[in-house]
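Trainee: I have a structure I would like to understand better, so I am pasting it below and will then ask my questions one at a time.
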Amino acid sequence: SRGLGDVYKRQLWDRYVAEAFPKLQQSDDRLTYPGEEWGNEASWERIFQKLFVASGVSGWDAAIEIGGGGGKYTERVLRANDRVRVWGFDVSVNFLEATGARLSDFVKADRLSLNAIDSVAPDAMFRTLESAGMVRKVDAMFSIDAMVHVDLQYLFTYWVNAALLLKPGGRVLMTLAD
């Protein structure tokens, strides 16, 4: 069965999106989607240039995002390259729905697939990509500002997935807690 900590984290982030974020929006008119309350356009663009552009995002065909929040980096990746397909994974269904609303045209065009993280099945991400024929064909796995909330055993799971799914020379772009 799913651990209480996993259930708590899922509920915590779903409640944050449903209850706390709308209150923040009332006091800050620049906020459209959850996740935008952390940083600003200039900081997101600096991170994108430093990590993504420097890692060849314009040449990617396939990428995995973990913990994309409201999709601010997802959107940048999809707009930087008109052929890349992104598989997004998040613990929060509400964050996935926010990303889906923000990027509905990419979802309809089958360039963005949004998936709930299954904390009970550590191979679920691998199986999703395996069924799509993407083993050893993924250019990058990225997670910006989400892994600071993740327990070490899940980090290892993501790194193992990266080792199994990335093509030779593939990249892991991840910000971590110290």
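The chains in the structure tokens are called A, B, ... from first to last as shown; in each chain the residues are counted from 1, and the ligands are counted from 1 in the order shown.
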What's around Thr99 (chain A) at 9 Å? Count only C-alpha atoms, leave out sequence neighbours fewer than 4 positions away in its own chain, and write the answer as a list of chain:residue names.
Mentor: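 Skipping anything fewer than 4 positions along the chain leaves A:Tyr33, A:Pro34, A:Gly68, A:Gly69, A:Gly70, A:Gly71, A:Lys72, A:Thr74, A:Glu75, A:Asn94, A:Phe95, A:Leu103, A:Ser104, A:Leu114.
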Trainee: Restricting it to all heavy atoms, dump the selection as an mmCIF file, in the first residue's frame.
Mentor:
```
data_model
loop_
_atom_site.group_PDB
_atom_site.id
_atom_site.type_symbol
_atom_site.label_atom_id
_atom_site.label_comp_id
_atom_site.auth_asym_id
_atom_site.auth_seq_id
_atom_site.Cartn_x
_atom_site.Cartn_y
_atom_site.Cartn_z
ATOM 1 N N TYR A 33 -0.620 30.848 -13.529
ATOM 2 C CA TYR A 33 -0.583 29.415 -13.253
ATOM 3 C C TYR A 33 0.267 29.145 -12.010
ATOM 4 O O TYR A 33 1.232 29.861 -11.756
ATOM 5 C CB TYR A 33 0.005 28.647 -14.444
ATOM 6 C CG TYR A 33 -0.849 28.757 -15.677
ATOM 7 C CD1 TYR A 33 -0.523 29.653 -16.692
ATOM 8 C CD2 TYR A 33 -1.996 27.985 -15.821
ATOM 9 C CE1 TYR A 33 -1.313 29.765 -17.821
ATOM 10 C CE2 TYR A 33 -2.799 28.097 -16.938
ATOM 11 C CZ TYR A 33 -2.447 28.989 -17.937
ATOM 12 O OH TYR A 33 -3.234 29.106 -19.046
ATOM 13 N N PRO A 34 -0.077 28.088 -11.268
ATOM 14 C CA PRO A 34 0.721 27.767 -10.082
ATOM 15 C C PRO A 34 2.163 27.459 -10.480
ATOM 16 O O PRO A 34 2.419 26.882 -11.528
ATOM 17 C CB PRO A 34 0.027 26.536 -9.493
ATOM 18 C CG PRO A 34 -0.834 25.996 -10.572
ATOM 19 C CD PRO A 34 -1.147 27.120 -11.493
ATOM 20 N N GLY A 68 6.827 19.262 -12.904
ATOM 21 C CA GLY A 68 6.780 20.475 -13.721
ATOM 22 C C GLY A 68 5.905 21.586 -13.179
ATOM 23 O O GLY A 68 5.887 22.679 -13.749
ATOM 24 N N GLY A 69 5.188 21.329 -12.101
ATOM 25 C CA GLY A 69 4.317 22.370 -11.555
ATOM 26 C C GLY A 69 3.317 22.826 -12.587
ATOM 27 O O GLY A 69 2.652 22.020 -13.214
ATOM 28 N N GLY A 70 3.221 24.128 -12.789
ATOM 29 C CA GLY A 70 2.273 24.697 -13.746
ATOM 30 C C GLY A 70 2.772 24.760 -15.173
ATOM 31 O O GLY A 70 2.095 25.277 -16.048
ATOM 32 N N GLY A 71 3.975 24.252 -15.443
ATOM 33 C CA GLY A 71 4.441 24.103 -16.812
ATOM 34 C C GLY A 71 5.292 25.220 -17.388
ATOM 35 O O GLY A 71 5.441 25.308 -18.604
ATOM 36 N N LYS A 72 5.884 26.055 -16.552
ATOM 37 C CA LYS A 72 6.646 27.184 -17.112
ATOM 38 C C LYS A 72 7.890 26.729 -17.875
ATOM 39 O O LYS A 72 8.223 27.307 -18.912
ATOM 40 C CB LYS A 72 6.980 28.225 -16.056
ATOM 41 C CG LYS A 72 7.891 27.773 -14.948
ATOM 42 C CD LYS A 72 8.094 28.893 -13.911
ATOM 43 C CE LYS A 72 8.898 28.440 -12.747
ATOM 44 N NZ LYS A 72 8.096 27.957 -11.640
ATOM 45 N N THR A 74 8.195 23.520 -19.068
ATOM 46 C CA THR A 74 7.610 22.675 -20.103
ATOM 47 C C THR A 74 7.314 23.513 -21.333
ATOM 48 O O THR A 74 7.660 23.146 -22.462
ATOM 49 C CB THR A 74 6.286 22.041 -19.609
ATOM 50 O OG1 THR A 74 6.376 21.686 -18.244
ATOM 51 C CG2 THR A 74 5.883 20.864 -20.453
ATOM 52 N N GLU A 75 6.660 24.636 -21.106
ATOM 53 C CA GLU A 75 6.299 25.529 -22.214
ATOM 54 C C GLU A 75 7.541 26.027 -22.945
ATOM 55 O O GLU A 75 7.581 26.056 -24.175
ATOM 56 C CB GLU A 75 5.482 26.707 -21.699
ATOM 57 C CG GLU A 75 5.048 27.649 -22.803
ATOM 58 C CD GLU A 75 4.091 28.723 -22.331
ATOM 59 O OE1 GLU A 75 4.026 29.000 -21.107
ATOM 60 O OE2 GLU A 75 3.403 29.291 -23.198
ATOM 61 N N ASN A 94 -3.576 18.107 -9.597
ATOM 62 C CA ASN A 94 -3.962 19.501 -9.825
ATOM 63 C C ASN A 94 -2.883 20.272 -10.584
ATOM 64 O O ASN A 94 -3.192 21.113 -11.436
ATOM 65 C CB ASN A 94 -4.287 20.200 -8.511
ATOM 66 C CG ASN A 94 -5.601 19.719 -7.921
ATOM 67 O OD1 ASN A 94 -6.342 18.971 -8.542
ATOM 68 N ND2 ASN A 94 -5.887 20.138 -6.711
ATOM 69 N N PHE A 95 -1.618 20.006 -10.294
ATOM 70 C CA PHE A 95 -0.547 20.630 -11.075
ATOM 71 C C PHE A 95 -0.586 20.127 -12.520
ATOM 72 O O PHE A 95 -0.399 20.900 -13.461
ATOM 73 C CB PHE A 95 0.828 20.358 -10.458
ATOM 74 C CG PHE A 95 1.334 21.451 -9.553
ATOM 75 C CD1 PHE A 95 1.688 21.166 -8.250
ATOM 76 C CD2 PHE A 95 1.483 22.755 -9.997
ATOM 77 C CE1 PHE A 95 2.175 22.161 -7.408
ATOM 78 C CE2 PHE A 95 1.968 23.759 -9.169
ATOM 79 C CZ PHE A 95 2.316 23.463 -7.868
ATOM 80 N N LEU A 103 -1.079 24.422 -21.547
ATOM 81 C CA LEU A 103 -0.461 23.912 -22.774
ATOM 82 C C LEU A 103 -1.377 22.976 -23.550
ATOM 83 O O LEU A 103 -0.919 22.014 -24.173
ATOM 84 C CB LEU A 103 0.859 23.218 -22.412
ATOM 85 C CG LEU A 103 1.858 24.096 -21.658
ATOM 86 C CD1 LEU A 103 3.047 23.286 -21.174
ATOM 87 C CD2 LEU A 103 2.297 25.260 -22.530
ATOM 88 N N SER A 104 -2.659 23.275 -23.538
ATOM 89 C CA SER A 104 -3.643 22.385 -24.161
ATOM 90 C C SER A 104 -3.373 22.148 -25.649
ATOM 91 O O SER A 104 -3.614 21.047 -26.151
ATOM 92 C CB SER A 104 -5.057 22.923 -23.955
ATOM 93 O OG SER A 104 -5.199 24.188 -24.570
ATOM 94 N N LEU A 114 0.859 14.058 -20.102
ATOM 95 C CA LEU A 114 0.910 14.362 -18.672
ATOM 96 C C LEU A 114 0.501 13.130 -17.873
ATOM 97 O O LEU A 114 -0.534 12.520 -18.146
ATOM 98 C CB LEU A 114 -0.004 15.547 -18.358
ATOM 99 C CG LEU A 114 0.422 16.842 -19.053
ATOM 100 C CD1 LEU A 114 -0.648 17.903 -18.927
ATOM 101 C CD2 LEU A 114 1.749 17.334 -18.497
#
```
Trainee: Residues within 6 Å of Ala62 (chain A), please, as a list in words. Count only C-alpha atoms; anything in the same chain fewer than 4 positions from it doesn't count.
Mentor: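 The neighbour list is Val84, Arg85, Val86, Val138 and Asp139 of chain A.
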Trainee: Give me the residues within 10 Å of region 162-169 of chain A as a PyMOL selection string, counting only C-alpha atoms and dropping any in the same chain fewer than 3 places off.
Mentor: chain A and resi 62-64+125-126+129-130+134-142+156-159+172
Trainee: One decimal, in Å: what's the spacing between CA of Trp38 (chain A) and CA of Val53 (chain A)?
Mentor: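 We find that CA of Trp38 (chain A) and CA of Val53 (chain A) lie 21.1 Å from each other.
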Trainee: Would you please extract all alpha helix (DSSP H) residues from region 1-125 of chain A, as assigned by DSSP on the backbone, and give them as a count of residues only?
Mentor: 52
Trainee: Quote the spacing between CA of Arg46 (chain A) and CA of Val77 (chain A) in Å to one decimal place.
Mentor: 13.6 Å
